[in-house]
$ cat entry31.pdb   # PDB, C-alpha atoms
ATOM      1  CA  MET A  19      59.588  41.751  54.736  1.00  0.00           C
ATOM      2  CA  LYS A  20      62.714  43.783  55.535  1.00  0.00           C
ATOM      3  CA  GLY A  21      61.718  43.913  59.185  1.00  0.00           C
ATOM      4  CA  TRP A  22      61.670  40.119  59.510  1.00  0.00           C
ATOM      5  CA  ILE A  23      65.113  39.740  57.963  1.00  0.00           C
ATOM      6  CA  GLY A  24      66.553  42.205  60.471  1.00  0.00           C
ATOM      7  CA  TRP A  25      65.012  40.350  63.417  1.00  0.00           C
ATOM      8  CA  ILE A  26      66.253  36.992  62.088  1.00  0.00           C
ATOM      9  CA  LEU A  27      69.801  38.353  61.663  1.00  0.00           C
ATOM     10  CA  LEU A  28      69.685  39.811  65.158  1.00  0.00           C
ATOM     11  CA  GLY A  29      68.551  36.473  66.601  1.00  0.00           C
ATOM     12  CA  VAL A  30      71.265  34.520  64.761  1.00  0.00           C
ATOM     13  CA  SER A  31      73.900  37.037  65.893  1.00  0.00           C
ATOM     14  CA  LEU A  32      72.810  36.769  69.517  1.00  0.00           C
ATOM     15  CA  LEU A  33      72.913  32.962  69.352  1.00  0.00           C
ATOM     16  CA  LEU A  34      76.462  33.047  67.932  1.00  0.00           C
ATOM     17  CA  VAL A  35      77.620  35.458  70.614  1.00  0.00           C
ATOM     18  CA  ALA A  36      76.084  33.312  73.365  1.00  0.00           C
ATOM     19  CA  ALA A  37      77.690  30.144  71.932  1.00  0.00           C
ATOM     20  CA  GLY A  38      81.059  31.887  71.649  1.00  0.00           C
ATOM     21  CA  TYR A  39      80.825  33.134  75.227  1.00  0.00           C
ATOM     22  CA  ARG A  40      80.062  29.593  76.374  1.00  0.00           C
ATOM     23  CA  ASN A  41      83.118  28.326  74.467  1.00  0.00           C
ATOM     24  CA  MET A  42      85.297  30.868  76.298  1.00  0.00           C
ATOM     25  CA  GLN A  43      84.411  29.461  79.726  1.00  0.00           C
ATOM     26  CA  PRO A  44      86.800  26.708  80.855  1.00  0.00           C
ATOM     27  CA  GLU A  45      85.048  23.473  81.770  1.00  0.00           C
ATOM     28  CA  ALA A  46      86.120  20.290  83.504  1.00  0.00           C
ATOM     29  CA  VAL A  47      85.023  18.204  80.501  1.00  0.00           C
ATOM     30  CA  THR A  48      87.558  19.720  78.105  1.00  0.00           C
ATOM     31  CA  GLU A  49      90.230  19.770  80.807  1.00  0.00           C
ATOM     32  CA  ASP A  50      89.759  16.011  81.209  1.00  0.00           C
ATOM     33  CA  LEU A  51      89.923  15.542  77.423  1.00  0.00           C
ATOM     34  CA  SER A  52      93.128  17.583  77.283  1.00  0.00           C
ATOM     35  CA  ARG A  53      94.639  15.564  80.142  1.00  0.00           C
ATOM     36  CA  THR A  54      94.013  12.377  78.165  1.00  0.00           C
ATOM     37  CA  ALA A  55      95.372  13.870  74.926  1.00  0.00           C
ATOM     38  CA  ALA A  56      98.537  15.268  76.546  1.00  0.00           C
ATOM     39  CA  CYS A  57     100.148  11.837  76.932  1.00  0.00           C
ATOM     40  CA  SER A  58      98.286   9.900  74.261  1.00  0.00           C
ATOM     41  CA  GLY A  59     101.282   9.567  71.918  1.00  0.00           C
ATOM     42  CA  ALA A  60     103.997   8.288  74.269  1.00  0.00           C
ATOM     43  CA  LYS A  61     103.957   5.189  76.454  1.00  0.00           C
ATOM     44  CA  SER A  62     106.454   6.553  78.979  1.00  0.00           C
ATOM     45  CA  CYS A  63     104.727   9.943  79.307  1.00  0.00           C
ATOM     46  CA  VAL A  64     103.566  10.976  82.803  1.00  0.00           C
ATOM     47  CA  LEU A  65     101.777  14.179  83.779  1.00  0.00           C
ATOM     48  CA  MET A  66     103.643  16.154  86.439  1.00  0.00           C
ATOM     49  CA  SER A  67     100.509  17.773  87.939  1.00  0.00           C
ATOM     50  CA  ASP A  68      96.767  17.257  88.183  1.00  0.00           C
ATOM     51  CA  ARG A  69      95.936  20.627  86.623  1.00  0.00           C
ATOM     52  CA  PRO A  70      97.306  22.389  83.553  1.00  0.00           C
ATOM     53  CA  GLY A  71      99.865  25.145  84.128  1.00  0.00           C
ATOM     54  CA  ILE A  72      98.215  27.621  81.753  1.00  0.00           C
ATOM     55  CA  VAL A  73      94.672  27.714  80.342  1.00  0.00           C
ATOM     56  CA  ARG A  74      93.742  30.062  77.499  1.00  0.00           C
ATOM     57  CA  THR A  75      90.333  30.211  75.885  1.00  0.00           C
ATOM     58  CA  ASP A  76      88.872  32.135  72.986  1.00  0.00           C
ATOM     59  CA  PHE A  77      85.772  32.135  70.816  1.00  0.00           C
ATOM     60  CA  VAL A  78      86.475  28.802  69.070  1.00  0.00           C
ATOM     61  CA  ARG A  79      89.047  26.869  71.138  1.00  0.00           C
ATOM     62  CA  ARG A  80      90.512  26.117  74.530  1.00  0.00           C
ATOM     63  CA  ARG A  81      94.250  25.594  75.007  1.00  0.00           C
ATOM     64  CA  TYR A  82      95.894  23.847  77.933  1.00  0.00           C
ATOM     65  CA  GLN A  83      99.605  23.704  78.740  1.00  0.00           C
ATOM     66  CA  TRP A  84     100.680  20.523  80.550  1.00  0.00           C
ATOM     67  CA  LEU A  85     104.064  19.745  82.049  1.00  0.00           C
ATOM     68  CA  THR A  86     104.915  16.098  81.353  1.00  0.00           C
ATOM     69  CA  SER A  87     107.921  13.828  81.690  1.00  0.00           C
ATOM     70  CA  GLU A  88     108.406  14.325  77.917  1.00  0.00           C
ATOM     71  CA  GLY A  89     108.458  18.143  78.243  1.00  0.00           C
ATOM     72  CA  THR A  90     105.844  20.866  77.853  1.00  0.00           C
ATOM     73  CA  ILE A  91     102.789  19.862  75.818  1.00  0.00           C
ATOM     74  CA  VAL A  92     100.093  22.231  74.530  1.00  0.00           C
ATOM     75  CA  VAL A  93      96.693  20.666  73.944  1.00  0.00           C
ATOM     76  CA  ALA A  94      94.208  22.560  71.773  1.00  0.00           C
ATOM     77  CA  CYS A  95      90.538  21.585  72.036  1.00  0.00           C
ATOM     78  CA  ARG A  96      88.067  22.656  69.351  1.00  0.00           C
ATOM     79  CA  ARG A  97      84.429  21.971  68.644  1.00  0.00           C
ATOM     80  CA  GLU A  98      83.334  20.091  65.558  1.00  0.00           C
ATOM     81  CA  PHE A  99      81.475  23.117  64.099  1.00  0.00           C
ATOM     82  CA  TYR A 100      83.266  26.147  65.672  1.00  0.00           C
ATOM     83  CA  VAL A 101      80.565  26.917  68.274  1.00  0.00           C
ATOM     84  CA  ALA A 102      78.651  23.606  68.334  1.00  0.00           C
ATOM     85  CA  GLY A 103      79.352  19.894  68.298  1.00  0.00           C
ATOM     86  CA  THR A 104      81.643  17.584  70.214  1.00  0.00           C
ATOM     87  CA  TRP A 105      85.042  18.642  71.512  1.00  0.00           C
ATOM     88  CA  THR A 106      88.215  17.087  70.070  1.00  0.00           C
ATOM     89  CA  CYS A 107      91.690  17.723  71.408  1.00  0.00           C
ATOM     90  CA  THR A 108      95.087  17.558  69.728  1.00  0.00           C
ATOM     91  CA  ALA A 109      98.447  17.721  71.473  1.00  0.00           C
ATOM     92  CA  ALA A 110     101.708  19.260  70.268  1.00  0.00           C
ATOM     93  CA  PRO A 111     105.031  19.957  71.981  1.00  0.00           C
ATOM     94  CA  GLY A 112     105.696  23.573  72.849  1.00  0.00           C
ATOM     95  CA  ALA A 113     104.523  26.323  75.154  1.00  0.00           C
ATOM     96  CA  LEU A 114     101.751  28.911  75.197  1.00  0.00           C
TER      97      LEU A 114
END

$ encode --input "entry31.pdb" --output "structure tokens"
Amino acid sequence: MKGWIGWILLGVSLLLVAAGYRNMQPEAVTEDLSRTAACSGAKSCVLMSDRPGIVRTDFVRRRYQWLTSEGTIVVACRREFYVAGTWTCTAAPGAL
């Protein structure tokens, strides 16, 4: 019985590592979501470029820094369940 538990834990660990690695890779889907979220709060907001100035990713989130007419906006995108689920993005003023 102990042998099965070890193999199950190994399998779960490998799945989490693979999902985390996938989260760390920047994708066009989350970049598009962040572009939309960067100016979602202000009517007069305009993006100054087509691509974010800085992109930082880690195990559970992706952060994008956008230069807008309202100033620098950082958009953080996270999955619903850390390494699985749909992406949601929230914007806040500031810099990375």

$ residues_around --input "entry31.pdb" --residues "Gly38 (chain A)" --least-positions-apart "2" --cutoff "8 Å" --atoms "all atoms listed in the file" --output "list in words"
Leu34, Val35, Ala36, Arg40, Asn41, Met42, Asp76, Phe77, Val78 and Val101 of chain A

$ resolve_selection --input "entry31.pdb" --expression "the PyMOL selection byres ((chain A and resi 52-64) around 7)" --output "list in words"
Thr48, Glu49, Asp50, Leu51, Leu65, Met66, Tyr82, Trp84, Thr86, Ser87, Glu88, Ile91, Val93, Cys107, Thr108 and Ala109 of chain A

$ closest_residue --input "entry31.pdb" --among "A:Leu33, A:Thr106, A:Val73, A:Leu85" --to "Glu45 (chain A)" --atoms "only C-alpha atoms"
A:Val73

$ atom_distance --input "entry31.pdb" --atom1 "CA of Trp105 (chain A)" --atom2 "CA of Arg74 (chain A)"
15.6 Å

$ atom_distance --input "entry31.pdb" --atom1 "CA of Gly112 (chain A)" --atom2 "CA of Pro44 (chain A)"
20.8 Å

$ axis_aligned_box --input "entry31.pdb" --around "region 78-97 of chain A" --padding-each-side "8 Å" --output "AutoDock Vina command-line options"
--center_x 96.4 --center_y 21.3 --center_z 75.3 --size_x 40.0 --size_y 31.0 --size_z 29.4

$ build_atoms --input "entry31.pdb" --residues "region 92-103 of chain A" --atoms "all heavy atoms" --output "compact mmCIF listing (two decimals), keeping the file's coordinate frame"
# COMPACT_ATOMS: atom_id res chain seq x y z
N VAL A 92 101.26 21.36 74.67
CA VAL A 92 100.09 22.23 74.53
C VAL A 92 99.00 21.43 73.85
O VAL A 92 99.21 20.85 72.79
CB VAL A 92 100.41 23.49 73.70
CG1 VAL A 92 99.15 24.30 73.46
CG2 VAL A 92 101.45 24.33 74.42
N VAL A 93 97.84 21.39 74.49
CA VAL A 93 96.69 20.67 73.94
C VAL A 93 95.65 21.69 73.55
O VAL A 93 95.22 22.51 74.37
CB VAL A 93 96.11 19.68 74.98
CG1 VAL A 93 94.91 18.95 74.39
CG2 VAL A 93 97.17 18.69 75.43
N ALA A 94 95.24 21.66 72.28
CA ALA A 94 94.21 22.56 71.77
C ALA A 94 92.92 21.77 71.57
O ALA A 94 92.92 20.74 70.89
CB ALA A 94 94.65 23.19 70.46
N CYS A 95 91.84 22.24 72.16
CA CYS A 95 90.54 21.58 72.04
C CYS A 95 89.62 22.50 71.23
O CYS A 95 89.51 23.69 71.52
CB CYS A 95 89.93 21.32 73.41
SG CYS A 95 90.91 20.21 74.43
N ARG A 96 88.99 21.92 70.22
CA ARG A 96 88.07 22.66 69.35
C ARG A 96 86.77 21.88 69.21
O ARG A 96 86.76 20.67 69.30
CB ARG A 96 88.66 22.85 67.96
CG ARG A 96 89.89 23.68 67.93
CD ARG A 96 90.45 23.70 66.50
NE ARG A 96 91.73 24.35 66.47
CZ ARG A 96 91.92 25.60 66.12
NH1 ARG A 96 90.90 26.34 65.76
NH2 ARG A 96 93.12 26.13 66.12
N ARG A 97 85.72 22.61 68.91
CA ARG A 97 84.43 21.97 68.64
C ARG A 97 84.37 21.54 67.18
O ARG A 97 85.08 22.07 66.33
CB ARG A 97 83.27 22.92 68.93
CG ARG A 97 83.01 23.08 70.41
CD ARG A 97 81.68 23.81 70.59
NE ARG A 97 81.38 23.99 71.98
CZ ARG A 97 80.52 23.23 72.64
NH1 ARG A 97 79.89 22.26 72.05
NH2 ARG A 97 80.28 23.47 73.91
N GLU A 98 83.49 20.62 66.91
CA GLU A 98 83.33 20.09 65.56
C GLU A 98 82.90 21.19 64.57
O GLU A 98 83.39 21.24 63.44
CB GLU A 98 82.30 18.97 65.60
CG GLU A 98 82.18 18.19 64.34
CD GLU A 98 81.22 17.03 64.51
OE1 GLU A 98 80.56 16.90 65.55
OE2 GLU A 98 81.14 16.23 63.55
N PHE A 99 81.99 22.06 64.97
CA PHE A 99 81.47 23.12 64.10
C PHE A 99 81.67 24.49 64.74
O PHE A 99 80.71 25.22 64.97
CB PHE A 99 79.99 22.90 63.80
CG PHE A 99 79.69 21.59 63.14
CD1 PHE A 99 79.08 20.58 63.85
CD2 PHE A 99 80.04 21.37 61.83
CE1 PHE A 99 78.80 19.36 63.26
CE2 PHE A 99 79.77 20.16 61.22
CZ PHE A 99 79.15 19.15 61.93
N TYR A 100 82.88 24.87 65.07
CA TYR A 100 83.27 26.15 65.67
C TYR A 100 82.58 26.45 67.00
O TYR A 100 83.23 26.58 68.01
CB TYR A 100 83.07 27.32 64.72
CG TYR A 100 84.02 27.31 63.56
CD1 TYR A 100 83.58 27.02 62.28
CD2 TYR A 100 85.37 27.56 63.74
CE1 TYR A 100 84.46 26.99 61.22
CE2 TYR A 100 86.27 27.51 62.69
CZ TYR A 100 85.80 27.24 61.42
OH TYR A 100 86.66 27.19 60.39
N VAL A 101 81.26 26.59 67.03
CA VAL A 101 80.56 26.92 68.27
C VAL A 101 79.58 25.84 68.70
O VAL A 101 78.84 26.02 69.66
CB VAL A 101 79.84 28.28 68.18
CG1 VAL A 101 80.83 29.41 68.06
CG2 VAL A 101 78.85 28.30 67.04
N ALA A 102 79.56 24.71 68.00
CA ALA A 102 78.65 23.61 68.33
C ALA A 102 79.32 22.28 67.99
O ALA A 102 80.28 22.24 67.23
CB ALA A 102 77.34 23.75 67.56
N GLY A 103 78.82 21.22 68.58
CA GLY A 103 79.35 19.89 68.30
C GLY A 103 80.23 19.38 69.42
O GLY A 103 80.40 20.02 70.45
